[in-house]
Every structure is written in structure tokens, then in C-alpha cells.
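Structure file model-v1.cif (mmCIF, C-alpha atoms) follows.
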```cif
data_final
loop_
_atom_site.label_atom_id
_atom_site.label_comp_id
_atom_site.auth_asym_id
_atom_site.auth_seq_id
_atom_site.Cartn_x
_atom_site.Cartn_y
_atom_site.Cartn_z
CA MET K 1 0.00 0.00 0.00
CA PRO K 2 1.47 3.34 -0.96
CA ASP K 3 2.04 6.00 1.67
CA THR K 4 0.14 8.61 -0.32
CA PRO K 5 -3.59 8.82 0.36
CA THR K 6 -5.95 7.56 -2.31
CA THR K 7 -8.46 10.03 -3.67
CA LEU K 8 -11.96 8.61 -4.05
CA THR K 9 -15.34 9.94 -5.07
CA GLN K 10 -18.03 9.75 -2.39
CA GLU K 11 -19.82 7.03 -4.37
CA THR K 12 -16.72 4.83 -4.51
CA HIS K 13 -15.90 5.47 -0.83
CA ASP K 14 -19.42 4.40 0.16
CA ARG K 15 -19.20 1.28 -2.05
CA LEU K 16 -15.86 0.26 -0.50
CA VAL K 17 -17.15 0.83 3.05
CA ALA K 18 -20.16 -1.38 2.24
CA GLU K 19 -17.88 -4.06 0.75
CA LEU K 20 -15.67 -4.01 3.84
CA ASP K 21 -18.70 -4.28 6.12
CA ASP K 22 -20.05 -7.21 4.09
CA LEU K 23 -16.71 -9.05 4.11
CA THR K 24 -16.16 -8.60 7.85
CA THR K 25 -19.66 -9.83 8.72
CA ARG K 26 -21.42 -12.08 6.21
CA GLY K 27 -18.19 -13.04 4.42
CA ARG K 28 -16.40 -14.23 7.54
CA ILE K 29 -19.44 -16.15 8.73
CA GLU K 30 -19.85 -17.95 5.40
CA ILE K 31 -16.16 -18.87 5.19
CA ALA K 32 -16.19 -20.16 8.77
CA GLN K 33 -19.23 -22.31 7.94
CA ALA K 34 -17.56 -23.66 4.79
CA ILE K 35 -14.40 -24.54 6.73
CA GLU K 36 -16.44 -26.25 9.47
CA ALA K 37 -18.44 -28.25 6.89
CA ALA K 38 -15.22 -29.32 5.15
CA ARG K 39 -13.66 -30.37 8.48
CA ALA K 40 -16.64 -32.63 9.08
CA LEU K 41 -15.74 -34.56 5.92
CA GLY K 42 -12.71 -36.08 7.58
CA ASP K 43 -8.99 -36.24 6.73
CA LEU K 44 -7.85 -32.64 6.21
CA SER K 45 -4.63 -33.56 4.39
CA GLU K 46 -6.57 -34.79 1.34
CA ASN K 47 -9.70 -32.70 1.72
CA GLY K 48 -10.07 -30.44 -1.34
CA ASP K 49 -13.09 -28.63 0.10
CA TYR K 50 -11.15 -27.69 3.21
CA HIS K 51 -8.14 -26.40 1.27
CA ALA K 52 -10.40 -24.43 -1.10
CA ALA K 53 -12.23 -22.84 1.84
CA LYS K 54 -8.95 -21.93 3.57
CA ASP K 55 -7.65 -20.43 0.30
CA ALA K 56 -10.85 -18.38 -0.07
CA GLN K 57 -10.47 -17.25 3.55
CA GLY K 58 -6.92 -16.06 2.91
CA LYS K 59 -7.97 -14.09 -0.17
CA MET K 60 -10.90 -12.53 1.66
CA GLU K 61 -8.73 -11.52 4.64
CA SER K 62 -6.21 -9.99 2.25
CA ARG K 63 -8.98 -7.93 0.61
CA ILE K 64 -10.20 -6.85 4.07
CA ARG K 65 -6.70 -5.64 5.03
CA HIS K 66 -6.36 -3.84 1.70
CA LEU K 67 -9.71 -2.06 2.11
CA GLN K 68 -8.97 -1.11 5.72
CA ALA K 69 -5.62 0.43 4.77
CA LEU K 70 -7.07 2.19 1.73
CA LEU K 71 -10.05 3.65 3.59
CA LYS K 72 -7.90 4.71 6.55
CA THR K 73 -5.97 7.16 4.35
CA ALA K 74 -8.55 7.89 1.64
CA THR K 75 -9.49 11.43 0.76
CA VAL K 76 -13.01 11.95 -0.56
CA VAL K 77 -13.37 14.49 -3.35
CA GLU K 78 -16.57 16.16 -4.41
CA ASP K 79 -17.94 15.27 -7.80
CA HIS K 80 -18.37 18.62 -9.55
CA ALA K 81 -19.76 19.19 -13.00
CA SER K 82 -16.97 19.14 -15.53
CA ASP K 83 -15.55 22.54 -16.39
CA GLY K 84 -13.52 21.02 -19.22
CA THR K 85 -10.33 20.52 -17.24
CA VAL K 86 -8.80 17.20 -16.35
CA ARG K 87 -9.36 16.38 -12.69
CA HIS K 88 -10.07 13.35 -10.53
CA GLY K 89 -13.08 11.37 -11.72
CA VAL K 90 -13.16 12.39 -15.39
CA VAL K 91 -12.61 10.31 -18.49
CA VAL K 92 -10.04 11.75 -20.84
CA ALA K 93 -9.62 10.84 -24.50
CA LEU K 94 -6.03 11.03 -25.74
CA ARG K 95 -4.32 10.72 -29.09
CA TYR K 96 -0.66 9.75 -28.94
CA GLU K 97 1.79 11.58 -31.17
CA GLY K 98 2.07 9.79 -34.51
CA ASP K 99 -1.29 8.02 -34.23
CA ALA K 100 -4.09 8.49 -36.77
CA ASP K 101 -6.73 11.12 -36.00
CA ASP K 102 -9.33 8.44 -35.22
CA ASP K 103 -6.98 6.39 -33.00
CA VAL K 104 -8.01 7.69 -29.57
CA GLN K 105 -7.34 6.07 -26.17
CA ARG K 106 -9.73 6.73 -23.27
CA TYR K 107 -8.59 6.71 -19.63
CA PHE K 108 -10.34 7.19 -16.32
CA VAL K 109 -8.41 9.65 -14.13
CA GLY K 110 -8.60 8.39 -10.56
CA SER K 111 -8.11 5.38 -8.32
CA ILE K 112 -8.02 1.83 -9.63
CA GLU K 113 -10.79 1.08 -7.12
CA GLU K 114 -13.08 3.39 -9.10
CA ARG K 115 -12.46 2.19 -12.60
CA GLY K 116 -15.05 0.62 -14.77
CA ASP K 117 -14.10 -0.85 -18.12
CA LEU K 118 -11.45 1.78 -18.84
CA PRO K 119 -7.75 1.77 -18.09
CA VAL K 120 -6.87 4.05 -15.17
CA ALA K 121 -4.51 7.01 -15.16
CA SER K 122 -3.79 7.50 -11.48
CA PRO K 123 -3.36 11.17 -10.51
CA SER K 124 0.00 10.20 -8.97
CA SER K 125 1.26 8.49 -12.16
CA PRO K 126 3.41 10.41 -14.67
CA LEU K 127 0.52 10.52 -17.16
CA GLY K 128 -2.00 11.52 -14.50
CA GLN K 129 0.26 14.27 -13.14
CA ALA K 130 0.82 15.64 -16.64
CA LEU K 131 -2.92 15.67 -17.40
CA LEU K 132 -4.28 17.26 -14.20
CA GLY K 133 -5.50 20.80 -14.77
CA ARG K 134 -5.10 20.60 -18.54
CA SER K 135 -7.93 21.02 -21.09
CA GLN K 136 -9.17 19.69 -24.41
CA GLY K 137 -6.75 20.53 -27.21
CA ASP K 138 -3.69 20.72 -24.94
CA ASP K 139 -0.54 18.83 -25.91
CA VAL K 140 1.03 17.09 -22.92
CA GLU K 141 4.38 15.34 -22.49
CA TYR K 142 5.18 12.81 -19.79
CA ALA K 143 8.01 10.45 -18.91
CA ALA K 144 7.23 6.80 -19.62
CA PRO K 145 9.51 3.78 -19.15
CA GLY K 146 10.30 3.79 -22.89
CA GLY K 147 11.01 7.52 -23.02
CA THR K 148 9.04 10.74 -23.23
CA LEU K 149 5.58 10.44 -24.77
CA ARG K 150 3.48 13.25 -26.18
CA VAL K 151 -0.32 13.16 -26.24
CA THR K 152 -3.07 15.52 -27.31
CA ILE K 153 -6.17 15.77 -25.12
CA VAL K 154 -9.01 15.13 -27.57
CA ALA K 155 -11.86 15.30 -25.04
CA VAL K 156 -12.56 15.61 -21.31
CA GLU K 157 -15.76 13.84 -20.26
CA GLY K 158 -17.17 14.79 -16.85
#
```
In C-alpha cells, write the structure found in this file.
Amino acid sequence: MPDTPTTLTQETHDRLVAELDDLTTRGRIEIAQAIEAARALGDLSENGDYHAAKDAQGKMESRIRHLQALLKTATVVEDHASDGTVRHGVVVALRYEGDADDDVQRYFVGSIEERGDLPVASPSSPLGQALLGRSQGDDVEYAAPGGTLRVTIVAVEG
């Protein structure tokens, strides 16, 4: 978990709090019941149900710890109507230098916990930092592992 706080919209914060509550109550009860039922089947060394339930328990507890750490340092931002500038919670359409005019990549600017079907440009990433505060039509450069990349902001969708 990074030391920098994660920025979340109120909707995402509420969803993650609800997920954490569900995992720490219903989730733990269901896993405990599955482990107990598997134990009743006998020899634990060759009991696939038991090992599967313990594996699921480990994954669930890992998600619980992740959510607790994330929510402990999360900053909630207000969801304002888009003024055309790139900020947390918007979708930005970019065209990379050298690409055809109709070859546009769309990114969600925000936390990976908030993303839908789009790739995420975290505000703390080089691309995210370069985009924040910029507007449609701006040309932006950022440092990528393969060198400096240049993109044009084609659209900012609130």
C-alpha cells in the first residue's frame, strides 16, 4: 500500500465501506461455515473442500486488510460538474503523437478502485500528473519507461 492517500469519489468510498462491512460480517461467517463443513468430511490432508475454503479465507482476509488500509488514508473528493479541465473522476480521450486522428485512447483519471471498463490514469502516475489541470486541445508530455511520450487531449468527459 502506498504512503500517499488515495483520492476517491463519495460514491466509490461508500461502495468500498459497504464491501468491507459485508466481508467482515457475512463473508467471515460464510467462510467459517464452509471450513467447518469441510472439516466434518474427515482427513484434512486430502480434503479439497477444506483447502479451497482456507484459500478463499486467505484471499478474503487480504482484501479486508487492503480495504482497511485504503479507507484509513482515503481522501473523498466532491464530484463537480466538468468545467472542461482534467481532474479526478473524469474520463479523458487522448491521441498519442504519430497516431491516426481516429486512434483515440480513453482513460479514467482516478483510483483503480473506481475504474469501470477503462484503463486508469492515477493522478499520482506520470501521465495523471501531466494531465491534471489541462484542457481539451492541450498537448502534454510525460516520462514513460520507454522515453518521453506526447499526447493531445481530444476530449474531457465529466
Proximity of range 19-100 of chain K to range 136-147 of chain K: per-residue shortest pair, 12 Å limit, all atoms listed in the file, as a tab-separated table:
```
residue	atom	partner	partner_atom	distance
K:Ser82	CA	K:Gln136	CA	11.8
K:Asp83	CA	K:Gln136	CA	10.6
K:Gly84	CA	K:Gln136	CA	6.9
K:Thr85	CA	K:Gln136	CA	7.3
K:Val86	CA	K:Gln136	CA	8.4
K:Val91	CA	K:Gln136	CA	11.6
K:Val92	CA	K:Gln136	CA	8.7
K:Ala93	CA	K:Gln136	CA	8.9
K:Leu94	CA	K:Gln136	CA	9.3
K:Arg95	CA	K:Asp139	CA	9.5
K:Tyr96	CA	K:Asp139	CA	9.6
K:Glu97	CA	K:Asp139	CA	9.3
```
Practice item. Determine the residue membership of the PyMOL selection byres ((chain K and resi 34) around 12) for the file above and supply it as an MDAnalysis selection string. Key: chainID K and resid 27:33 35:41 48:57
**Study point:** Neighbour list for Thr6 in chain K as a list in words, cut-off 12 Å, only C-alpha atoms, skip fewer than 2 positions in-chain
**Key:**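 In the requested form, the answer reads Met1, Pro2, Asp3, Thr4, Leu8, Thr9, Thr12, His13, Leu67, Ala69, Leu70, Leu71, Lys72, Thr73, Ala74, Thr75, Val76, Val77, His88, Gly110, Ser111, Ile112, Glu113, Glu114, Ser122, Pro123 and Ser124 of chain K.
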Review point. Using only C-alpha atoms, which of K:Leu127, K:Gly133, K:Glu61, K:Glu46 sits nearest Arg150 in chain K?
Key: K:Leu127
Exercise for review: Have a look at K:Thr7, K:Ser62, K:Ser45, K:Gln68 and name the one nearest to Leu20 in chain K; count all atoms listed in the file.
Suggested key: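 Going through K:Thr7, K:Ser62, K:Ser45, K:Gln68 one by one, the smallest distance to Leu20 in chain K is for K:Gln68.
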Practice item. Please indicate the distance in Å from CA of Ala130 in chain K to CA of Gly98 in chain K, rounded to one decimal place. Key: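 One can read the CA of Ala130 in chain K to CA of Gly98 in chain K distance as 18.8 Å.
Closest approach to Ile64 in chain K among K:Gln10, K:Thr24, K:Ser135, K:Gln129 is made by K:Thr24 (distances from all atoms listed in the file).
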Exercise for review: Enter the distance from CA of Val109 in chain K to CA of Glu78 in chain K, in Å, rounded to one decimal.
Suggested key: 14.3 Å
Check your understanding: How many Å lie between CA of Val156 in chain K and CA of Ala100 in chain K, rounded to one decimal?
Key ->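 Interatomic distance here is 19.0 Å.
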Please determine an axis-aligned box that encloses all atoms of range 4-13 of chain K listed in the file, with 8 Å added on each side, and express its centre and edge lengths in Å to one decimal as lines of an AutoDock Vina configuration file.
```
center_x = -9.8
center_y = 7.4
center_z = -2.4
size_x = 36.0
size_y = 21.2
size_z = 21.4
```
Review point. Between K:Phe108, K:Ser125, K:Gly89, K:Asp101, which is the closest to Glu11 in chain K once you count all atoms listed in the file?
Key: K:Gly89
When you get a chance, write out N, CA, C and O atoms for range 123-144 of chain K, as a CSV table (one decimal), in the coordinates of the input.
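The resulting file, rebuild24.csv, is shown below:
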```
chain,number,residue,atom,x,y,z
K,123,PRO,N,-3.9,9.8,-10.6
K,123,PRO,CA,-3.4,11.2,-10.5
K,123,PRO,C,-1.9,11.2,-10.0
K,123,PRO,O,-1.2,12.3,-10.3
K,124,SER,N,-1.4,10.2,-9.4
K,124,SER,CA,0.0,10.2,-9.0
K,124,SER,C,1.0,9.6,-10.0
K,124,SER,O,2.2,9.7,-9.8
K,125,SER,N,0.4,9.1,-11.1
K,125,SER,CA,1.3,8.5,-12.2
K,125,SER,C,1.8,9.6,-13.0
K,125,SER,O,1.3,10.7,-13.0
K,126,PRO,N,2.9,9.4,-13.8
K,126,PRO,CA,3.4,10.4,-14.7
K,126,PRO,C,2.4,10.9,-15.6
K,126,PRO,O,2.3,12.2,-15.8
K,127,LEU,N,1.6,10.1,-16.2
K,127,LEU,CA,0.5,10.5,-17.2
K,127,LEU,C,-0.5,11.3,-16.4
K,127,LEU,O,-0.9,12.4,-16.8
K,128,GLY,N,-1.0,10.8,-15.3
K,128,GLY,CA,-2.0,11.5,-14.5
K,128,GLY,C,-1.5,12.9,-14.1
K,128,GLY,O,-2.3,13.9,-14.1
K,129,GLN,N,-0.3,13.0,-13.6
K,129,GLN,CA,0.3,14.3,-13.1
K,129,GLN,C,0.3,15.3,-14.3
K,129,GLN,O,0.0,16.4,-14.1
K,130,ALA,N,0.7,14.8,-15.5
K,130,ALA,CA,0.8,15.6,-16.6
K,130,ALA,C,-0.5,16.1,-17.1
K,130,ALA,O,-0.7,17.2,-17.6
K,131,LEU,N,-1.6,15.3,-16.9
K,131,LEU,CA,-2.9,15.7,-17.4
K,131,LEU,C,-3.7,16.6,-16.5
K,131,LEU,O,-4.5,17.4,-16.9
K,132,LEU,N,-3.5,16.5,-15.2
K,132,LEU,CA,-4.3,17.3,-14.2
K,132,LEU,C,-4.2,18.8,-14.5
K,132,LEU,O,-3.1,19.3,-14.7
K,133,GLY,N,-5.4,19.4,-14.6
K,133,GLY,CA,-5.5,20.8,-14.8
K,133,GLY,C,-5.4,21.2,-16.2
K,133,GLY,O,-5.6,22.4,-16.5
K,134,ARG,N,-5.2,20.3,-17.1
K,134,ARG,CA,-5.1,20.6,-18.5
K,134,ARG,C,-6.5,20.5,-19.2
K,134,ARG,O,-7.4,20.0,-18.6
K,135,SER,N,-6.6,21.0,-20.4
K,135,SER,CA,-7.9,21.0,-21.1
K,135,SER,C,-7.9,20.4,-22.5
K,135,SER,O,-6.8,20.1,-23.0
K,136,GLN,N,-9.1,20.2,-23.1
K,136,GLN,CA,-9.2,19.7,-24.4
K,136,GLN,C,-8.3,20.5,-25.4
K,136,GLN,O,-8.3,21.8,-25.3
K,137,GLY,N,-7.6,19.9,-26.2
K,137,GLY,CA,-6.8,20.5,-27.2
K,137,GLY,C,-5.3,20.7,-26.8
K,137,GLY,O,-4.4,21.0,-27.6
K,138,ASP,N,-5.1,20.6,-25.5
K,138,ASP,CA,-3.7,20.7,-24.9
K,138,ASP,C,-2.8,19.6,-25.4
K,138,ASP,O,-3.3,18.4,-25.4
K,139,ASP,N,-1.6,19.9,-25.7
K,139,ASP,CA,-0.5,18.8,-25.9
K,139,ASP,C,0.2,18.7,-24.6
K,139,ASP,O,0.6,19.6,-24.0
K,140,VAL,N,0.4,17.4,-24.2
K,140,VAL,CA,1.0,17.1,-22.9
K,140,VAL,C,2.2,16.1,-23.1
K,140,VAL,O,2.0,15.1,-23.9
K,141,GLU,N,3.3,16.3,-22.5
K,141,GLU,CA,4.4,15.3,-22.5
K,141,GLU,C,4.5,14.7,-21.1
K,141,GLU,O,4.3,15.4,-20.1
K,142,TYR,N,4.9,13.5,-21.1
K,142,TYR,CA,5.2,12.8,-19.8
K,142,TYR,C,6.2,11.7,-20.0
K,142,TYR,O,6.4,11.2,-21.1
K,143,ALA,N,6.9,11.5,-18.9
K,143,ALA,CA,8.0,10.4,-18.9
K,143,ALA,C,7.4,9.1,-18.7
K,143,ALA,O,6.7,8.8,-17.7
K,144,ALA,N,7.7,8.2,-19.7
K,144,ALA,CA,7.2,6.8,-19.6
K,144,ALA,C,8.5,5.9,-19.6
K,144,ALA,O,9.6,6.4,-19.9
```
